[in-house]
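Engineer: The following block contains the structure, expressed as structure tokens.
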Amino acid sequence: MSGQTNGATIQGSNNGGVWDVLYTFGNAPITGGWQDVTLSNTKKYSFVRFVASPSGYGDLAEIEFYSGTTKLSGRFMGSPGIWAGMTSTYQVSNTVDGNVNTVWSGSGPGSENYVGYELDNCGAAPDPTGNTGFGKQLAVVASWSPGQPFWSQTINVDPYTDYTISLKTAQLGNYDNVPVRLIFEVDGVAINVQDQTSPFGCIWKKISGIWNSGQKFGPVKLLLRFETLILQERYLR
Ligand SMILES: [Ca+2]
């Protein structure tokens with residue numbers, strides 16, 4: 001197994017298509033049992049996987065991914081090829097069945113053999129407090145109903161006053177890279193505080209702007225809604 005592992009990699013991604021190599025296995029002999037590999041990435045990822053070397057078939061008995069001491073979980077992803085078609089013997093899910101005596105082996109050598117996860121909640125859920133700024137954190141689960149408001153609040157304003165309105169946003173999954181635009185409204189009219197979220201999961205982006213109250217005085221309704229931009233994107237193709 002040692003020779004076949006030489007050149008295997010651990011990779012991370014935030015869209016499931018473009019992958020960064022986080023670790024490359026050398027030719028150190030592997031005598032069986034668990035081998036710990038420490039990853040030095042500081043970038044956060046929503047996908048992680050093991051990819052076989054050019055001569056490798058996978059050949060793993062078990063694999064686990066951790067962030068610190070937290071074992072990561074998510075949607076399991078494994079390559080479909082199975083050695084000699086022995087579905088019940090060498091399937092890729094053997095790598096996560098908790099049994100060190102069951103092994104995965106792909107149908108042929110090379111990087112088409114992979115096993116990993118699309119991680120729940122961005123793996124180690126990203127924490128925006130590392131950024132500058134202050135305020136309460138609001139978690140919103142949005143529906144697939146573009147244009148529908150998903151948050152609103154009535155606030156009291158003074159006339160002809162600048163108000164800074166800002167939020168930080170991240171999608172907790174990849175969602176096929178669908179761009180989403182977040183739009184603030186005041187009393188039903190969109191204001192100039194709006195921008196597109198990152199289409200990639202787990203990437204925080206600040207959306208901020210200044211709204212002048214003009215003649216408005218007293219309570220106004222501040223509302224946040226979103227639009228998906230997939231129709232425009234298709235049109236542009
Ligand atoms: Ca196993």
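Scheme for the structure tokens: letters A, B, ... for chains in order shown; per-chain residue numbers from 1; ligand numbers from 1 in order shown.
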Compute the set of protein, DNA and RNA residues whose minimum atom distance to ligand 1 is at most 7 Å, using only C-alpha atoms and all ligand atoms, and state it as an MDAnalysis selection string.
Structural biologist: chainID A and resid 61:62 94:103
Engineer: Identify which of the residues A:Leu72, A:Leu119, A:Val37, A:Val189 lies closest to A:Thr9, counting only C-alpha atoms when measuring atom-to-atom distances.
Structural biologist: A:Val37
Engineer: Rank A:Lys43, A:Lys168, A:Lys216, A:Lys221 by their smallest atom-to-atom distance to A:Gln196, using only C-alpha atoms, and report the top residue only.
Structural biologist: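 Smallest separation from A:Gln196 among the options: A:Lys168.
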Engineer: Measuring atom to atom with only C-alpha atoms, identify which of A:Trp211, A:Phe184, A:Tyr57, A:Tyr114 is nearest to A:Thr161.
Structural biologist: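 Distance minimum relative to A:Thr161 lands on A:Trp211.
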Engineer: Quick check for you: according to DSSP on this backbone, which residues of stretch 35-107 of chain A are classed as alpha helix (DSSP H)? Reply as a list of chain:residue names.
Structural biologist: A:Thr87, A:Ser88, A:Thr89, A:Tyr90
Engineer: Of the residues A:Thr228, A:Ser40, A:Gln35, A:Asn6, which is the one nearest to A:Leu22, using only C-alpha atoms?
Structural biologist: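 Answer, going by the shortest atom-to-atom distance: A:Ser40.
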Engineer: Excluding same-chain residues fewer than 3 positions from A:Val48, what lies within 6 Å of it counting only C-alpha atoms, as a list in words?
Structural biologist: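 Close residues of A:Val48: Gln11, Gly12, Gly116 and Tyr117 of chain A.
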Engineer: At what distance in Å, to one decimal, does atom CA of A:Thr5 lie from atom CA of A:Ser79?
Structural biologist: 16.7 Å
Engineer: I need the residue nearest A:Asn41 from this list: A:Gln171, A:Ser55, A:Ser13, A:Thr87. Use only C-alpha atoms for the distance.
Structural biologist: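 The shortest atom-to-atom distance to A:Asn41 comes from A:Ser13.
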Engineer: Have a look at atom CA of A:Met77 and atom CA of A:Gly26 and let me know their distance in Å, one decimal.
Structural biologist: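 Between atom CA of A:Met77 and atom CA of A:Gly26 the gap works out to 24.2 Å.
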Engineer: Leaving out A:Gly58 and any residue of its chain fewer than 3 positions from it, which residues lie within 6 Å of it when counting only C-alpha atoms, given as a ChimeraX atom specification?
Structural biologist: /A:52,105,113
Engineer: Can I get the selection written as a PDB file, in the first residue's frame, with C-alpha atoms?
Structural biologist:
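Result saved to part-v9.pdb:
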```pdb
ATOM      1  CA  ALA A  52      -5.636   8.550  -4.644  1.00  0.00           C
ATOM      2  CA  SER A 105     -10.450  -0.303  -3.665  1.00  0.00           C
ATOM      3  CA  ASN A 113     -10.550   7.498  -6.802  1.00  0.00           C
TER       4      ASN A 113
END
```
Engineer: Looking at only C-alpha atoms, which of A:Thr169, A:Ser67, A:Ser152, A:Gln91 is the one that sits closest to A:Thr42?
Structural biologist: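 The closest residue to A:Thr42 is A:Ser67.
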Engineer: Which polymer residues have any atom within 7 Å of an atom of A:Val220, counting only C-alpha atoms, with same-chain residues fewer than 6 positions away left out, as a list in words?
Structural biologist: Thr154, Ile155, Asn156, Val186 and Asp187 of chain A
Engineer: Just write the chosen residues, C-alpha atoms, as a PDB file, in the first residue's frame.
Structural biologist:
```
ATOM      1  CA  THR A 154     -39.513  48.783  12.602  1.00  0.00           C
ATOM      2  CA  ILE A 155     -37.054  51.466  13.628  1.00  0.00           C
ATOM      3  CA  ASN A 156     -37.445  55.107  14.595  1.00  0.00           C
ATOM      4  CA  VAL A 186     -37.334  51.040   3.709  1.00  0.00           C
ATOM      5  CA  ASP A 187     -41.120  51.208   3.732  1.00  0.00           C
TER       6      ASP A 187
END
```
Engineer: As an exercise, work out the distance from atom CA of A:Val92 to atom CA of A:Val51 in Å and give it to one decimal place.
Structural biologist: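 Computed distance, atom CA of A:Val92 to atom CA of A:Val51, equals 12.0 Å.
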